[in-house]
>>> print(open('start39.txt').read())   # compact mmCIF, C-alpha atoms
# COMPACT_ATOMS: atom_id res chain seq x y z
CA MET T 79 4.02 110.00 46.92
CA THR T 80 1.02 108.33 48.52
CA THR T 81 1.44 106.31 51.68
CA GLU T 82 1.15 102.51 51.55
CA ARG T 83 -2.21 102.65 53.31
CA GLU T 84 -3.60 105.13 50.78
CA ALA T 85 -1.87 103.75 47.70
CA PRO T 86 -4.38 102.62 45.07
CA TYR T 87 -4.72 99.32 43.29
CA LEU T 88 -4.56 99.10 39.51
CA ALA T 89 -6.99 96.60 37.94
CA PHE T 90 -7.40 95.48 34.34
CA ASP T 91 -9.42 92.92 32.44
CA THR T 92 -9.02 91.83 28.81
CA SER T 93 -11.18 88.70 28.96
CA THR T 94 -13.42 89.80 26.09
CA SER T 95 -13.25 92.07 23.05
CA LEU T 96 -13.88 95.04 25.34
CA GLY T 97 -11.07 95.68 27.83
CA SER T 98 -11.18 97.76 30.99
CA VAL T 99 -8.67 99.46 33.29
CA ALA T 100 -9.52 100.94 36.70
CA LEU T 101 -7.68 102.67 39.51
CA GLY T 102 -8.91 102.95 43.09
CA ARG T 103 -8.88 101.75 46.67
CA GLY T 104 -11.08 101.58 49.73
CA GLY T 105 -14.34 102.06 47.89
CA ARG T 106 -13.00 105.11 46.04
CA LEU T 107 -12.78 104.84 42.25
CA ILE T 108 -10.16 107.24 40.93
CA GLY T 109 -10.75 106.44 37.28
CA GLU T 110 -11.81 103.79 34.79
CA VAL T 111 -11.55 103.43 31.03
CA VAL T 112 -12.94 100.93 28.51
CA VAL T 113 -10.93 99.91 25.45
CA GLY T 114 -13.09 99.55 22.34
CA VAL T 115 -13.51 96.51 20.13
CA SER T 116 -11.70 98.07 17.18
CA VAL T 117 -8.40 98.20 19.06
CA ARG T 118 -6.19 95.21 19.84
CA HIS T 119 -5.62 94.68 23.56
CA SER T 120 -1.90 94.22 22.92
CA GLU T 121 -1.74 97.74 21.50
CA ALA T 122 -4.20 99.43 23.84
CA LEU T 123 -3.65 98.07 27.35
CA LEU T 124 -0.40 99.81 28.27
CA PRO T 125 -1.52 103.21 26.86
CA ALA T 126 -4.76 102.83 28.83
CA ILE T 127 -2.78 102.11 32.00
CA ASP T 128 -0.56 105.14 31.36
CA TYR T 129 -3.63 107.29 30.79
CA ILE T 130 -5.45 106.21 33.95
CA LEU T 131 -2.35 106.77 36.09
CA GLU T 132 -1.68 110.18 34.56
CA SER T 133 -5.32 111.17 34.99
CA GLY T 134 -5.05 110.31 38.67
CA GLY T 135 -1.79 112.26 39.06
CA LEU T 136 0.05 109.04 39.88
CA GLY T 137 2.95 106.97 38.63
CA PRO T 138 3.53 103.21 38.68
CA ARG T 139 5.54 103.47 41.91
CA ASP T 140 2.46 104.84 43.70
CA LEU T 141 0.59 101.56 43.26
CA ALA T 142 0.02 99.13 46.13
CA ALA T 143 -1.04 96.11 44.04
CA LEU T 144 -2.27 94.83 40.69
CA VAL T 145 -5.62 93.11 40.24
CA VAL T 146 -6.11 91.11 37.04
CA GLY T 147 -8.99 89.32 35.36
CA GLY T 148 -7.49 85.84 35.23
CA GLY T 149 -9.80 83.94 32.90
CA PRO T 150 -11.64 82.38 31.28
CA GLY T 151 -12.19 84.29 28.08
CA SER T 152 -10.34 85.33 24.95
CA PHE T 153 -7.11 83.32 24.73
CA THR T 154 -5.23 86.26 23.20
CA GLY T 155 -6.71 88.75 25.64
CA LEU T 156 -5.76 86.65 28.66
CA ARG T 157 -2.21 86.21 27.35
CA VAL T 158 -1.91 89.98 27.01
CA ALA T 159 -3.20 90.49 30.56
CA GLY T 160 -0.83 87.88 31.97
CA ALA T 161 2.24 89.20 30.18
CA THR T 162 1.45 92.81 31.11
CA ALA T 163 0.91 91.94 34.76
CA LYS T 164 4.15 89.97 35.02
CA GLY T 165 6.11 92.72 33.30
CA LEU T 166 4.81 95.36 35.71
CA LEU T 167 5.30 93.16 38.76
CA ARG T 168 8.88 92.38 37.79
CA VAL T 169 9.62 96.08 37.95
CA LEU T 170 7.37 97.17 40.82
CA GLY T 171 7.54 94.17 43.16
CA ILE T 172 3.99 94.67 44.46
CA PRO T 173 1.33 92.02 45.24
CA LEU T 174 -0.85 90.44 42.57
CA TYR T 175 -4.51 89.52 42.92
CA SER T 176 -6.30 87.48 40.27
CA TYR T 177 -10.02 86.78 39.99
CA SER T 178 -12.11 85.29 37.24
CA GLY T 179 -13.30 87.93 34.82
CA LEU T 180 -16.73 86.30 35.16
CA LEU T 181 -16.70 87.01 38.89
CA GLY T 182 -15.54 90.57 38.25
CA LEU T 183 -18.35 91.08 35.74
CA ALA T 184 -20.93 89.60 38.10
CA ALA T 185 -19.74 91.86 40.93
CA THR T 186 -20.58 95.02 38.98
CA LEU T 187 -24.25 94.05 39.07
CA GLY T 188 -24.48 91.65 42.00
CA THR T 189 -23.26 94.14 44.59
CA GLY T 190 -26.30 96.26 43.72
CA VAL T 191 -28.79 93.40 44.06
CA PRO T 192 -27.49 91.44 47.09
CA GLY T 193 -29.06 88.04 47.51
CA ARG T 194 -30.01 87.63 43.83
CA PRO T 195 -27.85 85.13 41.90
CA ILE T 196 -25.95 86.52 38.91
CA ALA T 197 -25.05 84.27 35.97
CA ALA T 198 -22.09 85.92 34.21
CA LEU T 199 -21.64 84.63 30.66
CA PHE T 200 -18.85 85.22 28.15
CA ASP T 201 -19.47 84.10 24.59
CA ALA T 202 -17.26 81.03 24.01
CA ARG T 203 -18.55 80.47 20.43
CA ARG T 204 -19.77 77.21 18.90
CA GLY T 205 -22.98 77.38 20.94
CA GLU T 206 -21.15 77.56 24.27
CA VAL T 207 -20.58 80.14 26.98
CA TYR T 208 -18.05 80.52 29.73
CA ALA T 209 -20.30 80.70 32.78
CA GLY T 210 -20.01 81.47 36.47
CA VAL T 211 -22.92 81.96 38.88
CA TYR T 212 -22.61 83.96 42.10
CA THR T 213 -24.62 85.62 44.87
CA PHE T 214 -23.21 88.71 46.57
CA SER T 215 -23.49 90.23 50.01
CA PRO T 216 -21.79 93.36 51.36
CA THR T 217 -19.03 91.20 52.84
CA GLY T 218 -18.58 88.28 50.48
CA VAL T 219 -19.55 86.05 47.58
CA GLU T 220 -21.29 82.67 47.37
CA THR T 221 -20.32 80.61 44.32
CA HIS T 222 -23.02 78.43 42.77
CA LEU T 223 -21.12 77.51 39.60
CA GLU T 224 -17.36 77.78 39.17
CA PRO T 225 -16.22 79.17 35.80
CA THR T 226 -16.75 76.51 33.16
CA PRO T 227 -17.54 76.22 29.44
CA LEU T 228 -21.02 74.86 28.78
CA PRO T 229 -23.53 74.63 25.93
CA VAL T 230 -26.20 77.24 26.57
CA GLU T 231 -28.93 74.62 26.94
CA ALA T 232 -26.91 72.71 29.56
CA LEU T 233 -26.28 75.90 31.52
CA LEU T 234 -29.95 76.80 31.59
CA ALA T 235 -30.87 73.32 32.77
CA GLU T 236 -28.25 73.44 35.53
CA VAL T 237 -28.86 76.89 37.01
CA GLY T 238 -32.40 77.76 35.93
CA ASP T 239 -33.86 76.87 39.33
CA LEU T 240 -31.70 79.59 40.90
CA ASP T 241 -33.55 82.20 38.81
CA PRO T 242 -30.39 84.27 38.21
CA ILE T 243 -30.02 87.48 36.28
CA TYR T 244 -28.02 86.65 33.15
CA LEU T 245 -25.24 89.09 32.34
CA GLY T 246 -22.52 89.51 29.71
CA ASP T 247 -21.94 89.23 25.98
CA GLY T 248 -22.83 85.53 26.17
CA ALA T 249 -26.22 86.41 27.64
CA LEU T 250 -26.83 88.90 24.85
CA ARG T 251 -25.82 86.47 22.13
CA TYR T 252 -28.09 83.72 23.42
CA ALA T 253 -30.87 86.00 24.64
CA GLU T 254 -33.55 84.12 22.71
CA ALA T 255 -32.75 80.80 24.40
CA ILE T 256 -32.54 82.44 27.84
CA GLU T 257 -35.78 84.36 27.49
CA LYS T 258 -37.54 81.27 26.12
CA VAL T 259 -37.18 79.63 29.55
CA GLY T 260 -38.19 82.81 31.38
CA GLY T 261 -34.70 84.05 32.20
CA GLN T 262 -34.01 87.72 32.96
CA ILE T 263 -31.19 89.38 31.04
CA ALA T 264 -29.37 92.47 32.34
CA PRO T 265 -29.30 95.55 30.06
CA PRO T 266 -26.63 95.58 27.32
CA PHE T 267 -24.70 98.49 28.87
CA LEU T 268 -23.92 96.25 31.87
CA ALA T 269 -22.49 93.47 29.68
CA VAL T 270 -18.95 94.88 29.56
CA PRO T 271 -16.46 93.45 32.11
CA ARG T 272 -15.52 96.36 34.38
CA ALA T 273 -12.15 96.43 36.09
CA SER T 274 -13.78 98.31 38.97
CA GLY T 275 -15.51 95.03 39.84
CA LEU T 276 -12.09 93.48 40.33
CA LEU T 277 -11.18 96.34 42.69
CA TRP T 278 -14.24 95.54 44.81
CA LEU T 279 -13.22 91.89 44.98
CA ALA T 280 -9.67 92.74 46.06
CA GLU T 281 -11.05 94.89 48.87
CA THR T 282 -13.77 92.47 49.97
CA ILE T 283 -12.29 88.98 49.54
CA PRO T 284 -8.54 89.60 49.18
CA GLU T 285 -7.40 86.14 50.25
CA ALA T 286 -9.48 84.51 47.52
CA GLY T 287 -7.43 86.28 44.87
CA ARG T 288 -3.98 86.73 46.38
CA VAL T 289 -1.29 85.13 44.19
CA GLU T 290 1.55 83.80 46.32
CA GLU T 291 3.91 82.73 43.52
CA VAL T 292 3.71 85.41 40.86
CA ALA T 293 6.37 83.84 38.64
CA ALA T 294 4.36 80.62 38.37
CA TRP T 295 0.97 82.29 37.90
CA GLU T 296 -0.88 81.94 34.59
CA PRO T 297 -4.43 82.89 33.61
CA GLU T 298 -7.04 80.12 33.78
CA TYR T 299 -7.75 79.48 30.11
CA ILE T 300 -10.04 76.50 30.94
CA ARG T 301 -9.86 75.23 27.38
CA ASP T 302 -7.19 75.37 24.65
CA ALA T 303 -6.96 78.08 22.03
CA GLY T 304 -8.77 77.46 18.74
CA ALA T 305 -5.55 76.69 16.86
CA VAL T 306 -4.59 74.02 19.40
CA ARG T 307 -8.05 72.42 19.29
CA LYS T 308 -7.88 72.22 15.48
CA ALA T 309 -4.42 70.60 15.62
CA ASP T 310 -5.70 67.92 18.01
CA ARG T 311 -8.51 66.84 15.71
>>> encode(input="start39.txt", output="structure tokens")
Amino acid sequence: MTTEREAPYLAFDTSTSLGSVALGRGGRLIGEVVVGVSVRHSEALLPAIDYILESGGLGPRDLAALVVGGGPGSFTGLRVAGATAKGLLRVLGIPLYSYSGLLGLAATLGTGVPGRPIAALFDARRGEVYAGVYTFSPTGVETHLEPTPLPVEALLAEVGDLDPIYLGDGALRYAEAIEKVGGQIAPPFLAVPRASGLLWLAETIPEAGRVEEVAAWEPEYIRDAGAVRKADR
């Protein structure tokens, strides 16, 4: 069994239609997998976790902590992430770290271009995106826009002066509007939320994500599920 100091963190994100699971610690990535769009997160997440642990020659008891993408994003995906995390923590009794999936996505690009703002966008449908804007340094993160749902035009008006790189499935969906105002969009292969970005956050800014009361923790949905919004009309 690994020692506590060497024990890896397990991270997963199901904020969008593409899920991701990663295993690593201390700047060392042991493994990472992406779950495809044709598979439901509820059916794929636990097998992906089992696979990544087995590939690393580890079991659940070797883990030092869980790191979870805690919203915003797909209502169903976030519920799956929350329920899976709580189930594992109930058994393992290890710490939980939770960061916005937008921040995790931004970290996968922003750590490679320190000093350049990154606008991470998830498609929120109906002409809106979930957006968060961040600048990264080797030791931390500056937040320009906390995760929030916004019409694309309102987002561009609010953060355009920062000249960010736009990243994520929301950036791809609304590429025409972004490029019309001179915005730069990251390549499509970088648009997938990567759980390895969450691992970097847990190593770099642990106190920002540490969950003190795991039993009371819930993902940050930001807005109600579609069925609830329809019922309120």
>>> residues_around(input="start39.txt", residues="Val191 (chain T)", least_positions_apart="5", cutoff="10 Å", atoms="all atoms listed in the file", output="number ranges by chain")
T: 185-186, 196, 213-215, 243
>>> residues_around(input="start39.txt", residues="Gly210 (chain T)", least_positions_apart="3", cutoff="8 Å", atoms="only C-alpha atoms", output="list in words")
Leu180, Leu181, Ala197, Ala198, Leu199, Thr221, His222, Leu223, Glu224, Pro225 and Thr226 of chain T
>>> atom_distance(input="start39.txt", atom1="CA of Glu84 (chain T)", atom2="CA of Ala161 (chain T)")
26.7 Å
>>> residues_around(input="start39.txt", residues="Thr217 (chain T)", least_positions_apart="3", cutoff="12 Å", atoms="all atoms listed in the file", output="list in words")
Ala185, Thr189, Pro192, Gly193, Thr213, Phe214, Glu220, Trp278, Leu279, Ala280, Glu281, Thr282, Ile283 and Pro284 of chain T
>>> closest_residue(input="start39.txt", among="T:Pro173, T:Gly151, T:Pro242, T:Pro86", to="Gly105 (chain T)", atoms="only C-alpha atoms")
T:Pro86
>>> atom_distance(input="start39.txt", atom1="CA of Leu131 (chain T)", atom2="CA of Leu187 (chain T)")
25.5 Å
>>> atom_distance(input="start39.txt", atom1="CA of Ala163 (chain T)", atom2="CA of Ser95 (chain T)")
18.4 Å
>>> closest_residue(input="start39.txt", among="T:Leu107, T:Val230, T:Leu166, T:Ala235", to="Leu144 (chain T)", atoms="all atoms listed in the file")
T:Leu166
>>> build_atoms(input="start39.txt", residues="region 284-301 of chain T", atoms="N, CA and C atoms", output="PDB file, keeping the file's coordinate frame")
ATOM      1  N   PRO T 284      -9.916  89.579  49.674  1.00  0.00           N
ATOM      2  CA  PRO T 284      -8.540  89.600  49.180  1.00  0.00           C
ATOM      3  C   PRO T 284      -7.862  88.242  49.161  1.00  0.00           C
ATOM      4  N   GLU T 285      -8.102  87.423  50.181  1.00  0.00           N
ATOM      5  CA  GLU T 285      -7.400  86.140  50.250  1.00  0.00           C
ATOM      6  C   GLU T 285      -7.816  85.190  49.134  1.00  0.00           C
ATOM      7  N   ALA T 286      -9.015  85.378  48.607  1.00  0.00           N
ATOM      8  CA  ALA T 286      -9.480  84.510  47.520  1.00  0.00           C
ATOM      9  C   ALA T 286      -8.734  84.764  46.220  1.00  0.00           C
ATOM     10  N   GLY T 287      -8.116  85.943  46.115  1.00  0.00           N
ATOM     11  CA  GLY T 287      -7.430  86.280  44.870  1.00  0.00           C
ATOM     12  C   GLY T 287      -5.939  86.477  44.986  1.00  0.00           C
ATOM     13  N   ARG T 288      -5.405  86.460  46.194  1.00  0.00           N
ATOM     14  CA  ARG T 288      -3.980  86.730  46.380  1.00  0.00           C
ATOM     15  C   ARG T 288      -3.133  85.647  45.715  1.00  0.00           C
ATOM     16  N   VAL T 289      -2.201  86.055  44.867  1.00  0.00           N
ATOM     17  CA  VAL T 289      -1.290  85.130  44.190  1.00  0.00           C
ATOM     18  C   VAL T 289       0.018  85.089  44.958  1.00  0.00           C
ATOM     19  N   GLU T 290       0.352  83.927  45.493  1.00  0.00           N
ATOM     20  CA  GLU T 290       1.550  83.800  46.320  1.00  0.00           C
ATOM     21  C   GLU T 290       2.821  83.670  45.474  1.00  0.00           C
ATOM     22  N   GLU T 291       2.746  82.925  44.379  1.00  0.00           N
ATOM     23  CA  GLU T 291       3.910  82.730  43.520  1.00  0.00           C
ATOM     24  C   GLU T 291       3.647  83.371  42.162  1.00  0.00           C
ATOM     25  N   VAL T 292       4.012  84.628  42.068  1.00  0.00           N
ATOM     26  CA  VAL T 292       3.710  85.410  40.860  1.00  0.00           C
ATOM     27  C   VAL T 292       4.392  84.815  39.635  1.00  0.00           C
ATOM     28  N   ALA T 293       5.619  84.358  39.783  1.00  0.00           N
ATOM     29  CA  ALA T 293       6.370  83.840  38.640  1.00  0.00           C
ATOM     30  C   ALA T 293       5.696  82.622  38.027  1.00  0.00           C
ATOM     31  N   ALA T 294       5.008  81.839  38.853  1.00  0.00           N
ATOM     32  CA  ALA T 294       4.360  80.620  38.370  1.00  0.00           C
ATOM     33  C   ALA T 294       2.913  80.841  37.944  1.00  0.00           C
ATOM     34  N   TRP T 295       2.380  82.025  38.192  1.00  0.00           N
ATOM     35  CA  TRP T 295       0.970  82.290  37.900  1.00  0.00           C
ATOM     36  C   TRP T 295       0.711  82.390  36.402  1.00  0.00           C
ATOM     37  N   GLU T 296      -0.394  81.809  35.961  1.00  0.00           N
ATOM     38  CA  GLU T 296      -0.880  81.940  34.590  1.00  0.00           C
ATOM     39  C   GLU T 296      -2.395  82.107  34.640  1.00  0.00           C
ATOM     40  N   PRO T 297      -2.966  82.814  33.667  1.00  0.00           N
ATOM     41  CA  PRO T 297      -4.430  82.890  33.610  1.00  0.00           C
ATOM     42  C   PRO T 297      -5.053  81.501  33.458  1.00  0.00           C
ATOM     43  N   GLU T 298      -6.300  81.376  33.898  1.00  0.00           N
ATOM     44  CA  GLU T 298      -7.040  80.120  33.780  1.00  0.00           C
ATOM     45  C   GLU T 298      -7.773  80.115  32.437  1.00  0.00           C
ATOM     46  N   TYR T 299      -7.145  79.491  31.438  1.00  0.00           N
ATOM     47  CA  TYR T 299      -7.750  79.480  30.110  1.00  0.00           C
ATOM     48  C   TYR T 299      -8.949  78.538  30.039  1.00  0.00           C
ATOM     49  N   ILE T 300      -8.986  77.521  30.850  1.00  0.00           N
ATOM     50  CA  ILE T 300     -10.040  76.500  30.940  1.00  0.00           C
ATOM     51  C   ILE T 300     -10.035  75.561  29.741  1.00  0.00           C
ATOM     52  N   ARG T 301      -9.973  76.103  28.531  1.00  0.00           N
ATOM     53  CA  ARG T 301      -9.860  75.230  27.380  1.00  0.00           C
ATOM     54  C   ARG T 301      -8.807  75.798  26.439  1.00  0.00           C
TER      55      ARG T 301
END
